[in-house]
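File shown here: coords_1.txt, holding compact mmCIF, C-alpha atoms.
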```txt
# COMPACT_ATOMS: atom_id res chain seq x y z
CA MET A 1 35.36 -19.00 52.80
CA ALA A 2 33.75 -20.23 56.04
CA LEU A 3 30.60 -18.62 57.42
CA VAL A 4 31.25 -15.25 59.00
CA THR A 5 31.22 -15.48 62.80
CA PRO A 6 31.47 -12.81 65.54
CA GLU A 7 35.19 -13.61 65.76
CA THR A 8 35.91 -13.19 62.02
CA LYS A 9 37.92 -10.11 61.15
CA LEU A 10 35.72 -7.87 59.00
CA CYS A 11 38.69 -6.89 56.83
CA ASP A 12 39.16 -10.54 55.81
CA VAL A 13 35.53 -10.77 54.74
CA ILE A 14 35.83 -7.62 52.62
CA ILE A 15 39.05 -8.70 50.99
CA GLU A 16 37.62 -12.13 50.18
CA GLU A 17 34.26 -10.83 48.96
CA PRO A 18 34.55 -7.14 47.99
CA SER A 19 30.89 -6.94 46.98
CA VAL A 20 30.01 -6.72 50.72
CA ILE A 21 31.34 -3.16 50.72
CA THR A 22 27.87 -1.96 49.71
CA VAL A 23 26.34 -4.04 52.53
CA ILE A 24 28.54 -2.72 55.32
CA ASN A 25 27.95 0.78 54.00
CA ARG A 26 24.25 0.32 54.62
CA PHE A 27 25.12 -0.40 58.25
CA GLY A 28 27.08 2.82 58.45
CA ILE A 29 30.46 1.08 58.38
CA ALA A 30 32.99 2.83 56.14
CA LEU A 31 36.21 1.41 54.74
CA GLY A 32 39.26 1.61 56.95
CA VAL A 33 37.93 -1.07 59.28
CA GLY A 34 41.30 -1.98 60.76
CA ASP A 35 41.79 -5.57 61.85
CA LYS A 36 38.89 -5.65 64.32
CA SER A 37 36.50 -8.56 64.66
CA VAL A 38 32.88 -8.35 63.61
CA ARG A 39 31.82 -8.41 67.27
CA THR A 40 34.00 -5.42 68.16
CA ILE A 41 32.89 -3.36 65.18
CA CYS A 42 29.21 -4.10 65.85
CA ARG A 43 29.60 -3.07 69.51
CA GLN A 44 31.31 0.18 68.53
CA LYS A 45 28.66 0.99 65.93
CA ASP A 46 25.77 -0.19 68.11
CA ILE A 47 24.69 -2.82 65.58
CA ASP A 48 23.01 -6.11 66.59
CA THR A 49 25.76 -8.65 65.87
CA ASN A 50 23.36 -11.50 65.15
CA PHE A 51 21.43 -9.39 62.67
CA PHE A 52 24.60 -8.13 60.98
CA LEU A 53 25.90 -11.70 60.60
CA THR A 54 22.57 -12.94 59.25
CA ILE A 55 22.52 -10.28 56.55
CA LEU A 56 26.20 -10.71 55.71
CA ASN A 57 26.00 -14.52 55.46
CA ALA A 58 22.74 -14.47 53.50
CA TYR A 59 24.39 -12.01 51.14
CA ILE A 60 27.50 -14.13 50.64
CA TYR A 61 26.08 -17.68 50.67
CA GLU A 62 23.31 -18.75 48.40
CA SER A 63 22.12 -21.57 50.64
CA PHE A 64 22.43 -19.73 53.93
CA PHE A 65 19.34 -19.86 56.12
CA PRO A 66 19.34 -18.33 59.61
CA GLU A 67 19.39 -21.22 62.08
CA ASN A 68 18.99 -19.48 65.36
CA GLY A 69 15.82 -17.78 64.20
CA PHE A 70 14.96 -14.15 64.52
CA ASP A 71 15.28 -13.86 68.27
CA SER A 72 17.25 -10.71 68.56
CA PHE A 73 15.87 -8.77 65.64
CA GLY A 74 12.54 -8.25 63.94
CA ALA A 75 11.02 -7.17 60.66
CA GLN A 76 11.80 -3.53 61.45
CA GLU A 77 15.56 -4.11 61.27
CA ILE A 78 15.38 -6.07 58.04
CA ILE A 79 13.12 -3.50 56.46
CA ASP A 80 15.42 -0.68 57.54
CA TYR A 81 18.28 -2.50 55.87
CA LEU A 82 16.30 -3.14 52.66
CA LYS A 83 15.18 0.50 52.59
CA LYS A 84 18.79 1.60 52.74
CA THR A 85 19.53 -0.89 49.97
CA ASN A 86 16.77 0.58 47.82
CA GLN A 87 18.06 4.08 48.51
CA SER A 88 21.55 3.15 47.44
CA TYR A 89 20.15 1.84 44.13
CA LEU A 90 18.20 5.06 43.53
CA ARG A 91 20.86 7.47 44.70
CA TYR A 92 24.09 5.87 43.60
CA GLN A 93 24.09 2.68 41.61
CA LEU A 94 21.41 3.48 38.99
CA PRO A 95 22.51 7.11 38.38
CA ASN A 96 26.09 5.88 38.20
CA ILE A 97 25.32 3.38 35.43
CA GLU A 98 23.25 5.96 33.60
CA ARG A 99 25.95 8.61 33.72
CA HIS A 100 28.58 6.24 32.39
CA PHE A 101 26.21 4.81 29.79
CA LYS A 102 25.43 8.26 28.37
CA ALA A 103 29.10 9.18 28.30
CA LEU A 104 29.82 5.89 26.58
CA ILE A 105 27.30 6.64 23.82
CA ASP A 106 28.60 10.21 23.45
CA HIS A 107 32.20 9.05 23.19
CA SER A 108 31.60 6.18 20.79
CA ASP A 109 30.89 6.46 17.09
CA LYS A 110 27.43 5.65 15.82
CA ASN A 111 28.31 2.24 14.42
CA ASN A 112 27.15 0.15 17.34
CA ASN A 113 24.05 -1.07 19.11
CA LEU A 114 24.59 0.77 22.38
CA PRO A 115 21.46 2.96 22.16
CA LEU A 116 19.35 -0.21 21.99
CA LEU A 117 21.11 -1.56 25.07
CA LEU A 118 20.39 1.74 26.83
CA ASN A 119 16.69 1.16 26.08
CA LEU A 120 16.89 -2.21 27.78
CA TYR A 121 18.69 -0.64 30.73
CA ASN A 122 15.99 2.04 31.03
CA GLU A 123 13.34 -0.65 31.11
CA VAL A 124 15.12 -2.47 33.93
CA LYS A 125 15.58 0.79 35.79
CA GLU A 126 11.88 1.56 35.55
CA GLU A 127 11.06 -1.85 36.98
CA ILE A 128 13.48 -1.46 39.86
CA THR A 129 11.94 1.93 40.65
CA LYS A 130 8.46 0.41 40.50
CA ARG A 131 9.45 -2.38 42.85
CA ILE A 132 10.90 0.12 45.30
CA ASP A 133 7.65 2.13 45.22
CA ASN A 134 5.73 -1.05 45.91
CA ASP A 135 8.08 -1.90 48.79
CA ASN A 136 7.59 1.49 50.39
CA ASN A 137 3.86 1.81 49.84
CA HIS A 138 2.69 -1.75 50.39
CA TRP A 139 5.04 -4.58 51.26
CA PHE A 140 7.10 -3.01 54.03
CA ALA A 141 4.19 -1.05 55.45
CA GLU A 142 1.97 -4.13 55.72
CA ILE A 143 4.64 -6.22 57.39
CA LEU A 144 5.36 -3.51 59.93
CA ARG A 145 1.68 -3.09 60.64
CA HIS A 146 1.54 -6.80 61.41
CA GLU A 147 4.56 -6.74 63.60
CA LYS A 148 3.06 -3.97 65.70
CA ASP A 149 -0.23 -5.86 65.56
CA VAL A 150 -2.29 -2.72 65.45
CA ASN A 151 -5.36 -3.49 63.40
CA PRO A 152 -3.37 -5.46 60.82
CA GLY A 153 -6.13 -5.97 58.27
CA ASN A 154 -5.58 -8.39 55.45
CA LEU A 155 -2.03 -9.37 54.74
CA THR A 156 -1.37 -9.75 51.04
CA ILE A 157 2.32 -10.43 51.35
CA LYS A 158 4.04 -12.23 48.54
CA ALA A 159 7.64 -13.13 48.06
CA SER A 160 9.01 -10.42 45.83
CA ASP A 161 9.34 -12.06 42.44
CA ALA A 162 8.22 -15.57 43.18
CA ASP A 163 4.78 -15.47 41.63
CA SER A 164 5.48 -12.88 39.00
CA THR A 165 4.55 -13.88 35.47
CA THR A 166 6.73 -11.25 33.87
CA ASP A 167 10.48 -11.63 33.57
CA SER A 168 12.35 -10.87 36.73
CA ILE A 169 14.65 -7.91 37.21
CA GLU A 170 17.47 -10.38 37.75
CA ASP A 171 16.85 -12.02 34.37
CA LYS A 172 16.78 -8.69 32.57
CA LEU A 173 20.00 -7.51 34.18
CA SER A 174 21.64 -10.79 33.29
CA ASP A 175 20.41 -10.35 29.69
CA LEU A 176 21.85 -6.85 29.62
CA LYS A 177 25.18 -8.19 30.82
CA ASN A 178 25.12 -10.93 28.17
CA MET A 179 24.23 -8.37 25.50
CA PHE A 180 27.47 -6.56 26.25
CA VAL A 181 29.54 -9.69 26.56
CA ILE A 182 28.17 -11.67 23.61
CA HIS A 183 26.44 -9.32 21.20
CA LEU A 184 28.20 -5.95 21.34
CA ARG A 185 29.15 -4.65 17.88
CA GLY A 186 31.04 -1.84 16.30
CA ASP A 187 33.45 0.67 17.77
CA TYR A 188 33.09 2.09 21.25
CA ASP A 189 35.10 3.69 24.02
CA ARG A 190 36.61 0.64 25.73
CA ASN A 191 37.28 2.30 29.04
CA LEU A 192 33.77 3.69 29.51
CA CYS A 193 32.26 0.47 28.24
CA HIS A 194 34.04 -1.52 30.91
CA ALA A 195 32.89 0.95 33.55
CA VAL A 196 29.26 0.47 32.45
CA LEU A 197 29.59 -3.30 32.32
CA PHE A 198 31.25 -3.55 35.74
CA ALA A 199 28.56 -1.33 37.25
CA ILE A 200 25.82 -3.48 35.71
CA ILE A 201 27.47 -6.67 36.95
CA SER A 202 27.78 -5.39 40.50
CA LEU A 203 24.17 -4.14 40.48
CA GLU A 204 22.99 -7.53 39.22
CA LYS A 205 24.94 -9.28 41.94
CA ASP A 206 23.66 -6.94 44.63
CA ILE A 207 20.05 -7.37 43.55
CA ARG A 208 20.40 -11.14 43.37
CA GLN A 209 21.94 -11.30 46.81
CA ASN A 210 19.45 -8.94 48.38
CA ASN A 211 16.62 -10.96 46.86
CA ARG A 212 17.86 -13.81 49.01
CA ILE A 213 17.46 -11.59 52.07
CA ARG A 214 13.95 -10.67 50.90
CA ASN A 215 12.93 -14.22 50.08
CA HIS A 216 14.79 -16.23 52.73
CA ILE A 217 14.57 -13.91 55.70
CA LEU A 218 11.89 -11.24 55.37
CA TYR A 219 9.36 -13.44 53.61
CA PRO A 220 9.38 -16.33 56.16
CA LEU A 221 9.21 -13.75 58.93
CA ALA A 222 6.20 -12.11 57.29
CA MET A 223 4.51 -15.48 56.87
CA ALA A 224 5.09 -16.24 60.55
CA LEU A 225 3.56 -12.89 61.49
CA LYS A 226 0.62 -13.60 59.26
CA LYS A 227 0.06 -16.97 60.89
CA ALA A 228 0.36 -15.48 64.36
CA SER A 229 -2.16 -12.76 63.65
CA SER A 230 -4.68 -15.16 62.13
CA ASN A 231 -4.43 -17.37 65.24
CA ASN A 232 -5.37 -14.51 67.48
CA MET B 233 43.95 -19.44 9.61
CA GLN B 234 40.76 -21.06 8.49
CA THR B 235 39.45 -20.70 5.00
CA ALA B 236 36.34 -18.62 4.66
CA ASN B 237 33.36 -19.70 2.61
CA ILE B 238 32.32 -16.85 0.41
CA ALA B 239 29.30 -16.50 -1.87
CA VAL B 240 28.74 -13.83 -4.49
CA ILE B 241 25.10 -13.11 -5.26
CA THR B 242 24.63 -10.92 -8.31
CA ARG B 243 23.13 -10.88 -11.77
CA ASP B 244 26.00 -8.70 -12.91
CA THR B 245 28.24 -11.21 -14.70
CA ILE B 246 31.20 -8.86 -15.05
CA LEU B 247 31.11 -8.22 -11.30
CA ALA B 248 30.83 -11.95 -10.56
CA ILE B 249 33.77 -12.86 -12.80
CA GLY B 250 35.85 -10.00 -11.43
CA LEU B 251 35.25 -11.01 -7.81
CA LYS B 252 35.83 -14.67 -8.55
CA HIS B 253 39.28 -14.00 -9.99
CA LEU B 254 40.16 -11.40 -7.40
CA MET B 255 39.32 -13.78 -4.56
CA ARG B 256 41.28 -16.61 -6.12
CA ASN B 257 44.35 -14.53 -6.89
CA LEU B 258 44.41 -12.53 -3.68
CA PHE B 259 43.25 -14.99 -1.04
CA ASN B 260 43.28 -18.33 -2.82
CA ILE B 261 39.58 -18.69 -2.03
CA LYS B 262 37.10 -20.26 -4.42
CA VAL B 263 33.83 -18.36 -4.26
CA SER B 264 30.42 -19.73 -5.22
CA VAL B 265 28.40 -17.53 -7.55
CA TYR B 266 24.60 -17.27 -7.50
CA ASP B 267 22.49 -15.01 -9.69
CA SER B 268 19.69 -14.83 -7.10
CA VAL B 269 18.55 -16.26 -3.77
CA GLU B 270 16.35 -19.24 -4.50
CA GLU B 271 14.24 -20.77 -1.74
CA SER B 272 15.99 -24.12 -2.21
CA GLN B 273 19.47 -22.60 -1.81
CA ILE B 274 18.88 -20.65 1.38
CA THR B 275 20.47 -23.19 3.73
CA GLU B 276 23.45 -23.61 1.45
CA LEU B 277 23.86 -19.84 1.12
CA ALA B 278 23.42 -19.22 4.84
CA ASN B 279 26.41 -21.43 5.57
CA ASN B 280 28.81 -18.93 4.03
CA ASP B 281 30.99 -16.74 6.21
CA LEU B 282 30.80 -13.81 3.87
CA LEU B 283 28.07 -12.85 1.41
CA ILE B 284 28.91 -10.37 -1.32
CA THR B 285 26.13 -8.78 -3.33
CA ASP B 286 25.31 -5.58 -5.19
CA SER B 287 22.56 -3.12 -4.30
CA ASP B 288 20.12 -4.73 -6.76
CA GLY B 289 20.81 -8.17 -5.32
CA PHE B 290 20.40 -6.82 -1.81
CA SER B 291 17.09 -5.09 -2.41
CA ALA B 292 15.68 -8.05 -4.38
CA ASN B 293 16.51 -10.43 -1.50
CA SER B 294 16.41 -8.13 1.51
CA GLY B 295 14.51 -10.74 3.52
CA PHE B 296 17.54 -13.00 3.24
CA PHE B 297 20.25 -10.39 3.68
CA ILE B 298 18.91 -8.20 6.48
CA PRO B 299 19.16 -10.86 9.21
CA ARG B 300 22.67 -11.61 7.95
CA ARG B 301 23.83 -8.10 7.30
CA SER B 302 26.71 -8.36 9.74
CA ARG B 303 28.37 -10.68 7.24
CA THR B 304 27.07 -9.15 4.04
CA LEU B 305 29.26 -6.93 1.89
CA ILE B 306 27.30 -4.73 -0.49
CA ILE B 307 28.90 -3.31 -3.62
CA THR B 308 27.45 0.18 -4.03
CA SER B 309 27.96 3.23 -6.18
CA SER B 310 28.50 5.60 -3.31
CA GLU B 311 30.05 5.78 0.11
CA ILE B 312 26.95 7.00 1.88
CA CYS B 313 26.20 4.58 4.66
CA ASP B 314 23.05 4.62 6.75
CA ASP B 315 23.21 1.00 7.82
CA SER B 316 25.26 0.67 10.94
CA ASN B 317 25.85 -3.07 10.70
CA GLY B 318 26.34 -3.68 7.01
CA MET B 319 29.64 -3.46 5.17
CA LEU B 320 29.74 -1.38 2.01
CA LEU B 321 32.22 -1.37 -0.81
CA ASN B 322 32.27 1.54 -3.25
CA ARG B 323 32.71 0.24 -6.77
CA TYR B 324 34.24 3.53 -7.90
CA ALA B 325 36.91 3.60 -5.20
CA ASP B 326 40.53 3.39 -6.41
CA GLU B 327 42.18 -0.01 -6.71
CA ALA B 328 44.28 0.18 -3.56
CA SER B 329 41.45 1.14 -1.21
CA LEU B 330 39.06 -1.30 -2.89
CA ILE B 331 41.44 -4.18 -2.32
CA SER B 332 42.22 -3.12 1.23
CA GLN B 333 38.50 -2.98 2.10
CA LEU B 334 37.93 -6.35 0.51
CA THR B 335 40.83 -7.79 2.50
CA LYS B 336 39.32 -6.35 5.68
CA ALA B 337 35.98 -7.99 4.94
CA VAL B 338 37.56 -11.36 4.22
CA ASP B 339 39.71 -11.19 7.36
CA GLN B 340 36.72 -10.29 9.44
CA SER B 341 34.71 -13.22 8.11
CA ARG B 342 37.60 -15.51 9.00
CA ASP B 343 37.74 -14.10 12.52
CA THR B 344 34.05 -14.44 13.19
CA PRO B 345 33.06 -17.77 11.73
CA ASN B 346 29.32 -18.15 11.47
CA THR B 347 28.60 -20.33 14.48
CA VAL B 348 27.19 -19.40 17.89
CA ASN B 349 24.76 -16.71 16.93
CA ASP B 350 23.21 -18.39 14.03
CA LEU B 351 19.59 -19.21 14.61
CA SER B 352 17.72 -21.50 12.28
CA GLN B 353 15.07 -19.93 10.07
CA ARG B 354 12.36 -21.39 12.34
CA GLU B 355 14.02 -20.00 15.44
CA ILE B 356 14.18 -16.60 13.76
CA ASP B 357 10.43 -16.87 13.04
CA VAL B 358 9.70 -17.70 16.68
CA LEU B 359 12.07 -14.98 17.92
CA SER B 360 10.40 -12.26 15.87
CA GLN B 361 7.00 -13.35 17.16
CA VAL B 362 8.20 -13.36 20.77
CA ALA B 363 9.76 -9.95 20.23
CA SER B 364 6.52 -8.62 18.76
CA GLY B 365 4.76 -9.53 21.98
CA TYR B 366 2.84 -12.68 21.02
CA THR B 367 2.16 -15.34 23.66
CA ASN B 368 3.36 -18.93 23.18
CA LYS B 369 -0.16 -20.02 22.30
CA GLU B 370 -0.50 -17.27 19.67
CA ILE B 371 2.89 -18.10 18.21
CA ALA B 372 1.93 -21.77 17.95
CA ASP B 373 -1.27 -20.81 16.09
CA ASN B 374 0.49 -18.29 13.82
CA LEU B 375 3.22 -20.73 12.80
CA ASN B 376 1.06 -23.86 12.80
CA ILE B 377 3.20 -25.68 15.35
CA SER B 378 2.46 -27.01 18.83
CA VAL B 379 3.02 -24.99 21.99
CA ASN B 380 5.62 -27.56 23.00
CA THR B 381 7.56 -26.93 19.81
CA VAL B 382 7.42 -23.19 20.51
CA LEU B 383 8.83 -23.84 23.99
CA THR B 384 11.63 -25.98 22.57
CA HIS B 385 12.52 -23.26 20.06
CA ARG B 386 12.49 -20.65 22.83
CA LYS B 387 14.74 -22.79 24.99
CA ASN B 388 17.21 -23.21 22.11
CA ILE B 389 17.11 -19.48 21.29
CA THR B 390 17.93 -18.64 24.92
CA ALA B 391 20.75 -21.20 24.96
CA LYS B 392 22.25 -19.84 21.73
CA LEU B 393 21.94 -16.15 22.54
CA GLY B 394 22.28 -16.09 26.33
CA ILE B 395 19.12 -13.96 26.52
CA LYS B 396 16.10 -14.97 28.62
CA SER B 397 13.68 -12.09 29.00
CA VAL B 398 11.21 -10.91 26.37
CA SER B 399 12.67 -7.39 26.57
CA GLY B 400 16.15 -8.73 25.96
CA LEU B 401 14.97 -10.82 23.02
CA SER B 402 13.19 -7.79 21.54
CA VAL B 403 16.38 -5.75 21.71
CA TYR B 404 18.29 -8.58 20.05
CA ALA B 405 15.63 -8.89 17.34
CA MET B 406 15.84 -5.14 16.65
CA MET B 407 19.63 -5.23 16.55
CA ASN B 408 19.47 -7.83 13.85
CA GLY B 409 16.59 -6.42 11.85
CA TYR B 410 14.24 -9.31 12.65
CA ILE B 411 11.59 -6.84 13.72
CA ASN B 412 10.97 -3.20 12.96
CA SER B 413 12.52 -1.05 15.65
CA THR B 414 9.65 1.45 15.58
CA LEU B 415 7.49 -1.16 17.29
CA HIS B 416 8.95 -0.40 20.64
```
Target format structure tokens, applied to this file:
Amino acid sequence: MALVTPETKLCDVIIEEPSVITVINRFGIALGVGDKSVRTICRQKDIDTNFFLTILNAYIYESFFPENGFDSFGAQEIIDYLKKTNQSYLRYQLPNIERHFKALIDHSDKNNNLPLLLNLYNEVKEEITKRIDNDNNHWFAEILRHEKDVNPGNLTIKASDADSTTDSIEDKLSDLKNMFVIHLRGDYDRNLCHAVLFAIISLEKDIRQNNRIRNHILYPLAMALKKASSNN
Amino acid sequence: MQTANIAVITRDTILAIGLKHLMRNLFNIKVSVYDSVEESQITELANNDLLITDSDGFSANSGFFIPRRSRTLIITSSEICDDSNGMLLNRYADEASLISQLTKAVDQSRDTPNTVNDLSQREIDVLSQVASGYTNKEIADNLNISVNTVLTHRKNITAKLGIKSVSGLSVYAMMNGYINSTLH
């Protein structure tokens, strides 16, 4: 698929890459988009088209890097989007996996290793929650303080997982997925198991793609702000 | 269908002879019989698709059987089962159900040939150390190997299992009885 442009029909993007449904939701766009172009939908919803396209393309394409800079939008918009992303993990995606996982264990006999996989899931969940707390209390707050340039203080911004010595959330989710695919044993409820696995796979994908937005868009922007404030 | 390699490990001669004939007559499979697990035979034994032993044989060589319990069939005197992964065969069951369970075990070992998941003994050693929370440097010291060798083992373990993170490896190690699950 070619890069999404203002003229692209949003419905084509969704059909080609259904995982963007969660992204457009965070912009307040619900399904039933008709055959309107991205430009038209953004105008109707009062969304900055350039910002919407940047997020959408960064989400879809691994190597995408915004060329025309951050002229029309700032850190505030990106952070608002990432906050909505975090909320959707906490409110929907994580509880959804958990609910299905518990049902799966209840509906399967005891001859399997699912409870151990649930432990691994709980560990990942705890880390995601911790990262979100850190976003809200430190990362986002510091960047916004710098953007407003009101007594910024020291900026200790780091790219989210780049310097972390522990295993990344992405790695753990990928391990969890592989545990199901490669190492699952015994009898289990097939239907529920697939529901859990699909939910894990889409969470993994969403986190991986949003990490690109954190690391390729928000992080360079934060570094630029940092440089600007130290020049003053 | 591929032929399965089957080993019988028991000191019970009657049991060994019985199984040997049963396997030959029923499945046309020649089994190898061992009276115990000797250090020198471990590699040879580990190459089998199905290991059959009795409860005495299992408890005397639990270090060998526990990591391989998904392909170990234990002949017991009861049907009580507290081991989720192991296969049990009740020696007092009637002939029909005994043979049908044996057939199931043999079929299963044919379906899941012992390939992908099998880690070498050294990789298992490294895995259990990683899972117990040791650093690469500590593992190298504990096993008397270089840090580079530890890294190579870890790379191979990840390639074989598809698991990267320490948490994931710990769960895998618990699943397979390489470490005690109460650790976590």
Residues near Gly74 (chain A), cut-off 10 Å, all atoms listed in the file, skip fewer than 6 positions along chain, as a PyMOL selection string: chain A and resi 51+144+147+218+221-222
Interatomic distance (Å, one decimal) between CA of Phe259 (chain B) and CA of Ala236 (chain B):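 The value is 9.7 Å.
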Which chain B residues have any atom within 7 Å of an atom of chain A, and for each, what is the nearest pair of atoms with distance in Å to one decimal, counting all atoms listed in the file, rows sorted by chain and number, as a Markdown table?
```
| residue | atom | partner | partner_atom | distance |
| --- | --- | --- | --- | --- |
| B:Ser316 | CA | A:Asn111 | CA | 4.9 |
| B:Asn317 | CA | A:Asn111 | CA | 6.9 |
| B:Gly394 | CA | A:Asn178 | CA | 6.2 |
| B:Ile395 | CA | A:Asp175 | CA | 5.0 |
| B:Lys396 | CA | A:Asp175 | CA | 6.4 |
| B:Ser397 | CA | A:Asp167 | CA | 5.6 |
| B:Ser399 | CA | A:Leu120 | CA | 6.8 |
| B:Gly400 | CA | A:Asp175 | CA | 5.9 |
| B:Val403 | CA | A:Leu116 | CA | 6.3 |
| B:Met407 | CA | A:Asn113 | CA | 6.6 |
```
Atomic distance CA of Tyr366 (chain B) - CA of Ile298 (chain B), expressed in Å with one decimal: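 A separation of 22.1 Å between them.
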CA of Glu276 (chain B) to CA of Asn408 (chain B), straight-line distance in Å: 20.5 Å
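For the set A:Ala75, A:Ser108, A:Glu127, A:Ile21, the residue with the smallest atom-to-atom gap to Pro220 (chain A) is A:Ala75, counting all atoms listed in the file.
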Sphere at (12.5, -9.7, 15.0), radius 10 Å, counting only C-alpha atoms: residues as a PyMOL selection string: chain B and resi 299+356-364+401-413
Shell of 12 Å around Arg190 (chain A), all atoms listed in the file, local chain residues under 2 positions omitted, as a count of residues only: 19
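Using only C-alpha atoms, the smallest distance between any of B:Glu327, B:Glu355, B:Asp267, B:Asp286 and Thr381 (chain B) comes from B:Glu355.
Shortest atom-to-atom contact with Leu10 (chain A) among A:Lys130, A:Arg26, A:Arg39, A:Arg91: A:Arg39, counting all atoms listed in the file.
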